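Participant: This is the structure, below, for whatever I ask next.
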Amino acid sequence: MYTRQSSRPKSFGRKVSFSRKPKYKGASFSRVNSKSRFKSSGIDYSKFIKKAEHVAEKPYVSRHKFSDFPFNAQIQKNIERAGYVNPRPIQDQSIPVVMKGQDIFGMANTGTGKTAAFLLPLIDMVMKNKEEKVLVLAPTRELALQIEQELRTLAFGSGLYGVAVVGGLPINKQIDEIRRGVSFVIGTPGRVTDLIKRKVLDLSNYKRVVLDEADRMLDMGFIDDMVFILGKTRADRQTLFFSATLSGEVKKLTEKFLKDPVFVSVISGETAKNIEQDIVRTKSKEEKIEKLHEILVNEDSLKVLIFREMKHSVDSLTKDLAQRGFKVGCIHGDKRSRERIRTLDSFKKDHINVLIATDVAARGLDIPDVTHVINYDVPQNYETYVHRIGRTGRSGKKGMALTFV
């Protein structure tokens, strides 16, 4: 991680001109013919241009209170300690279904409260029957670790324990935890598959299985691992399936592994209405970094998430921005888990205000108060674009999404 302790740097170097009236001081963005397309992806330029409607989020009127759910008294204490007041939409609609033992297909983005939506009822079930075990699959180590941390909070004082089994962290420690006995195994498909093949993890008695961010796992090529893992669990298992999209592959997976699932969706629209979307045109590498600099020094750029396609490109841009005085960090697949966790923590706590990441590293992360998402490299497809920009404009706040072309 590269950081500078100086205040946000002033713009320097040659002045860069933009093609229309600046929205930012010293920077603006260009409209293009809607018929123009990216040669690499075939995505219309016009798809990256959309005015924000600045619609305030309407308060969700929940059907239940947390006290309405027949949770163990210790869980209710933990809910109160965690600061939860009223259930969020995915929690309000999913918890009763899970508690009935039914399969569920929930459509929800990261940051909507879905982790608690499945953890709370599952913790309660295991407290009532200590023989039960739960498997949670997540696409990235960061998301798996986040889920494990939330489990600690919500299961505090219950006597239940979980282990995060992910790559990049010592496998022997994870093996020891499993052998000592845990109620929850939370892991990435690759590491879970490894532990099964080593005959450390026996899933034949796992009755509850959660697939979190299932569409991302498919995108990352985990389909074979997912099928292998689910084939090792009980035939009469309860399966909880969460996804932000309903692609053909996702639908096939639900048809294969879910039994009469209840469908719950808290997603509305293609992209958030509160996100201003535009493009930034550049003709050279030098012009591109200058335009990025002008955006980052703007007073509205408080917390910026930048996406790049390649790991070495992430490192290169991080170094360039650090040399310009920005407080910047980066995450990608070659970074060690501990380093990625430290960088994310620094970004969440505003010790750095610019984070550069690849799609794989950033998937499944819940980072609050991101003001800008910048696609420094064009995304491979529109679904990836939607997922990227969904990191800003949350909870009724205004967000900005910019794509360099």
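Residues in the structure tokens are named by chain (A, B, ... in the order shown) and by number from 1 within that chain; ligands are numbered from 1 in the order shown.
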Per residue of region 211-271 of chain A within 9 Å of region 192-201 of chain A, record the nearest atom pair and its distance in Å to one decimal, counting only C-alpha atoms, with rows in chain order and ascending residue number, as JSON lines.

Facilitator:
{"residue": "A:Asp225", "atom": "CA", "partner": "A:Thr193", "partner_atom": "CA", "distance": 6.4}
{"residue": "A:Met226", "atom": "CA", "partner": "A:Thr193", "partner_atom": "CA", "distance": 8.6}
{"residue": "A:Phe228", "atom": "CA", "partner": "A:Thr193", "partner_atom": "CA", "distance": 7.6}
{"residue": "A:Ile229", "atom": "CA", "partner": "A:Thr193", "partner_atom": "CA", "distance": 6.6}
{"residue": "A:Lys232", "atom": "CA", "partner": "A:Ile196", "partner_atom": "CA", "distance": 8.7}

Participant: Only N, CA and C atoms, please: the residues just picked out, written as an mmCIF file, in the first residue's frame.

Facilitator:
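Writing done, so here's result26.cif:
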data_model
loop_
_atom_site.group_PDB
_atom_site.id
_atom_site.type_symbol
_atom_site.label_atom_id
_atom_site.label_comp_id
_atom_site.auth_asym_id
_atom_site.auth_seq_id
_atom_site.Cartn_x
_atom_site.Cartn_y
_atom_site.Cartn_z
ATOM 1 N N ASP A 225 -16.258 -26.276 -9.148
ATOM 2 C CA ASP A 225 -16.084 -26.408 -7.698
ATOM 3 C C ASP A 225 -17.427 -26.371 -6.982
ATOM 4 N N MET A 226 -18.307 -25.457 -7.424
ATOM 5 C CA MET A 226 -19.615 -25.325 -6.783
ATOM 6 C C MET A 226 -20.422 -26.617 -6.924
ATOM 7 N N PHE A 228 -19.221 -29.629 -7.487
ATOM 8 C CA PHE A 228 -18.523 -30.656 -6.711
ATOM 9 C C PHE A 228 -18.875 -30.548 -5.229
ATOM 10 N N ILE A 229 -18.831 -29.329 -4.697
ATOM 11 C CA ILE A 229 -19.088 -29.109 -3.269
ATOM 12 C C ILE A 229 -20.521 -29.450 -2.907
ATOM 13 N N LYS A 232 -21.411 -32.999 -2.422
ATOM 14 C CA LYS A 232 -20.911 -33.649 -1.213
ATOM 15 C C LYS A 232 -21.798 -33.402 0.015
#

Participant: I'd like the neighbourhood of Ala116 (chain A) as a VMD selection string, where a residue qualifies if any of its atoms comes within 9 Å (using only C-alpha atoms), though same-chain residues fewer than 5 positions away should be ignored.

Facilitator: chain A and resid 91 95 121 147 150 to 151 154

Participant: Please produce a file of those selected residues containing N, CA and C atoms, as a CSV table (one decimal), in the first residue's frame.

Facilitator:
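Result written to result_36.csv:
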chain,number,residue,atom,x,y,z
A,91,GLN,N,-33.8,-8.8,4.9
A,91,GLN,CA,-33.9,-9.5,6.1
A,91,GLN,C,-35.4,-9.7,6.5
A,95,ILE,N,-35.8,-13.8,6.4
A,95,ILE,CA,-35.7,-14.5,7.6
A,95,ILE,C,-36.9,-15.5,7.9
A,121,PRO,N,-31.1,-16.4,11.2
A,121,PRO,CA,-31.9,-17.7,11.4
A,121,PRO,C,-31.1,-18.9,11.5
A,147,ILE,N,-18.0,-12.2,6.4
A,147,ILE,CA,-19.1,-13.0,6.9
A,147,ILE,C,-18.7,-13.6,8.2
A,150,GLU,N,-18.9,-11.1,10.9
A,150,GLU,CA,-20.3,-10.8,11.3
A,150,GLU,C,-20.9,-12.0,12.1
A,151,LEU,N,-20.5,-13.2,11.8
A,151,LEU,CA,-20.9,-14.4,12.6
A,151,LEU,C,-20.4,-14.2,14.0
A,154,LEU,N,-22.9,-11.7,15.7
A,154,LEU,CA,-24.3,-12.2,15.9
A,154,LEU,C,-24.4,-13.4,16.7

Participant: Can you pull out every residue within 9 Å of region 244-257 of chain A, counting only C-alpha atoms, but drop anything in the same chain fewer than 6 positions away, and send it as a VMD selection string?

Facilitator: chain A and resid 105 to 110 213 to 216 218 223 227 230 267 383 387

Participant: Rounded to one decimal place, report the CA of Leu258 (chain A)-CA of Asp103 (chain A) distance in Å.

Facilitator: 6.2 Å

Participant: Of the candidates A:Ile186, A:Met127, A:Val136, A:Val373, which one gets nearest to Leu402 (chain A) if we count only C-alpha atoms?

Facilitator: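 Nearest to Leu402 (chain A): A:Val373.
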
Participant: Can you work out which one of A:Lys114, A:His64, A:Arg141, A:Lys398 has the shortest atom-to-atom distance to Glu276 (chain A), counting only C-alpha atoms?

Facilitator: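 Nearest candidate to Glu276 (chain A) out of A:Lys114, A:His64, A:Arg141, A:Lys398: A:Lys398.
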
Participant: Identify, with DSSP run on backbone atoms, the residues in region 280-343 of chain A assigned to alpha helix (DSSP H), and express the list as an NGL selection string.

Facilitator: :A and (285-296 or 311-323 or 337-343)

Participant: Could you write out that same residue set with N, CA and C atoms as a compact mmCIF listing (two decimals), in the first residue's frame?

Facilitator:
# COMPACT_ATOMS: atom_id res chain seq x y z
N LYS A 285 -1.98 8.12 -22.99
CA LYS A 285 -1.75 7.71 -21.61
C LYS A 285 -1.49 8.92 -20.72
N GLU A 286 -0.74 9.89 -21.25
CA GLU A 286 -0.41 11.10 -20.49
C GLU A 286 -1.66 11.92 -20.20
N GLU A 287 -2.51 12.06 -21.19
CA GLU A 287 -3.75 12.82 -20.99
C GLU A 287 -4.67 12.11 -20.01
N LYS A 288 -4.65 10.80 -20.05
CA LYS A 288 -5.52 10.00 -19.18
C LYS A 288 -5.18 10.22 -17.71
N ILE A 289 -3.90 10.17 -17.36
CA ILE A 289 -3.51 10.35 -15.96
C ILE A 289 -3.76 11.77 -15.50
N GLU A 290 -3.62 12.75 -16.41
CA GLU A 290 -3.88 14.14 -16.04
C GLU A 290 -5.36 14.36 -15.75
N LYS A 291 -6.21 13.77 -16.58
CA LYS A 291 -7.65 13.93 -16.34
C LYS A 291 -8.07 13.23 -15.04
N LEU A 292 -7.47 12.08 -14.77
CA LEU A 292 -7.76 11.41 -13.50
C LEU A 292 -7.32 12.28 -12.33
N HIS A 293 -6.14 12.89 -12.45
CA HIS A 293 -5.63 13.76 -11.40
C HIS A 293 -6.62 14.89 -11.12
N GLU A 294 -7.14 15.51 -12.18
CA GLU A 294 -8.07 16.64 -12.01
C GLU A 294 -9.36 16.21 -11.31
N ILE A 295 -9.80 14.99 -11.60
CA ILE A 295 -11.00 14.48 -10.93
C ILE A 295 -10.73 14.26 -9.44
N LEU A 296 -9.58 13.67 -9.14
CA LEU A 296 -9.26 13.31 -7.76
C LEU A 296 -9.03 14.51 -6.86
N LYS A 311 -3.61 -6.81 -12.88
CA LYS A 311 -2.95 -6.61 -11.60
C LYS A 311 -1.77 -5.64 -11.71
N HIS A 312 -0.95 -5.80 -12.76
CA HIS A 312 0.23 -4.93 -12.91
C HIS A 312 -0.20 -3.49 -13.19
N SER A 313 -1.37 -3.33 -13.84
CA SER A 313 -1.89 -1.97 -14.10
C SER A 313 -2.34 -1.31 -12.80
N VAL A 314 -2.89 -2.11 -11.90
CA VAL A 314 -3.28 -1.60 -10.58
C VAL A 314 -2.05 -1.09 -9.84
N ASP A 315 -1.00 -1.89 -9.82
CA ASP A 315 0.24 -1.49 -9.13
C ASP A 315 0.83 -0.22 -9.76
N SER A 316 0.85 -0.17 -11.06
CA SER A 316 1.44 0.97 -11.77
C SER A 316 0.70 2.27 -11.47
N LEU A 317 -0.63 2.23 -11.54
CA LEU A 317 -1.42 3.44 -11.27
C LEU A 317 -1.31 3.85 -9.81
N THR A 318 -1.27 2.88 -8.91
CA THR A 318 -1.11 3.17 -7.49
C THR A 318 0.19 3.93 -7.25
N LYS A 319 1.26 3.46 -7.86
CA LYS A 319 2.55 4.12 -7.71
C LYS A 319 2.53 5.54 -8.28
N ASP A 320 1.91 5.70 -9.46
CA ASP A 320 1.82 7.02 -10.10
C ASP A 320 1.07 8.02 -9.22
N LEU A 321 -0.06 7.58 -8.64
CA LEU A 321 -0.86 8.49 -7.82
C LEU A 321 -0.17 8.79 -6.49
N ALA A 322 0.53 7.80 -5.94
CA ALA A 322 1.27 8.03 -4.70
C ALA A 322 2.36 9.08 -4.92
N GLN A 323 3.02 9.02 -6.07
CA GLN A 323 4.06 9.99 -6.38
C GLN A 323 3.49 11.40 -6.56
N SER A 337 -3.43 -11.85 1.82
CA SER A 337 -4.70 -11.56 2.48
C SER A 337 -4.57 -10.48 3.54
N ARG A 338 -3.54 -10.59 4.38
CA ARG A 338 -3.39 -9.62 5.47
C ARG A 338 -3.20 -8.21 4.92
N GLU A 339 -2.46 -8.10 3.81
CA GLU A 339 -2.21 -6.80 3.20
C GLU A 339 -3.50 -6.23 2.62
N ARG A 340 -4.29 -7.08 1.97
CA ARG A 340 -5.56 -6.64 1.41
C ARG A 340 -6.52 -6.20 2.51
N ILE A 341 -6.55 -6.94 3.59
CA ILE A 341 -7.42 -6.59 4.71
C ILE A 341 -7.02 -5.25 5.31
N ARG A 342 -5.71 -5.03 5.49
CA ARG A 342 -5.23 -3.75 6.03
C ARG A 342 -5.59 -2.58 5.11
N THR A 343 -5.43 -2.79 3.80
CA THR A 343 -5.73 -1.73 2.84
C THR A 343 -7.22 -1.39 2.85

Participant: Nearest residue to Ala144 (chain A) out of A:Asp345, A:Asp350, A:Glu299, A:Asp212, using only C-alpha atoms?

Facilitator: A:Asp212

Participant: Can you write out as CSV which residues of region 261-324 of chain A fall within 12 Å of region 378-382 of chain A, alongside each residue's closest atom pair and its distance in Å to one decimal, counting only C-alpha atoms and ordering rows by chain and ascending residue number?

Facilitator:
residue,atom,partner,partner_atom,distance
A:Glu270,CA,A:Tyr382,CA,10.1
A:Thr271,CA,A:Tyr382,CA,10.5
A:Ile279,CA,A:Val378,CA,10.3
A:Val280,CA,A:Val378,CA,11.0
A:Arg281,CA,A:Val378,CA,11.6
A:Ile306,CA,A:Val378,CA,11.3
A:Phe307,CA,A:Pro379,CA,8.5
A:Arg308,CA,A:Val378,CA,8.1
A:Glu309,CA,A:Pro379,CA,7.5
A:Met310,CA,A:Pro379,CA,11.3

Participant: Could you state the separation of CA of Asp260 (chain A) and CA of Ala117 (chain A) in Å, given to one decimal place?

Facilitator: 19.3 Å

Participant: Counting only C-alpha atoms, figure out which residue out of A:Ile90, A:Leu119, A:Leu305, A:Leu355 gets nearest to Val210 (chain A).

Facilitator: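 Distance minimum relative to Val210 (chain A) lands on A:Leu119.
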
Participant: When you look at Glu177 (chain A) with a cut-off of 10 Å (counting only C-alpha atoms), what residues show up, excluding the ones that are within fewer than 3 positions of it in the same chain? I need them as a PyMOL selection string.

Facilitator: chain A and resi 161-165+171-174+180-182+185

Participant: Residues of region 79-260 of chain A in strand (DSSP E) according to DSSP, as an NGL selection string?

Facilitator: :A and (104-107 or 134-137 or 162-165 or 184-187 or 208-211 or 238-243)
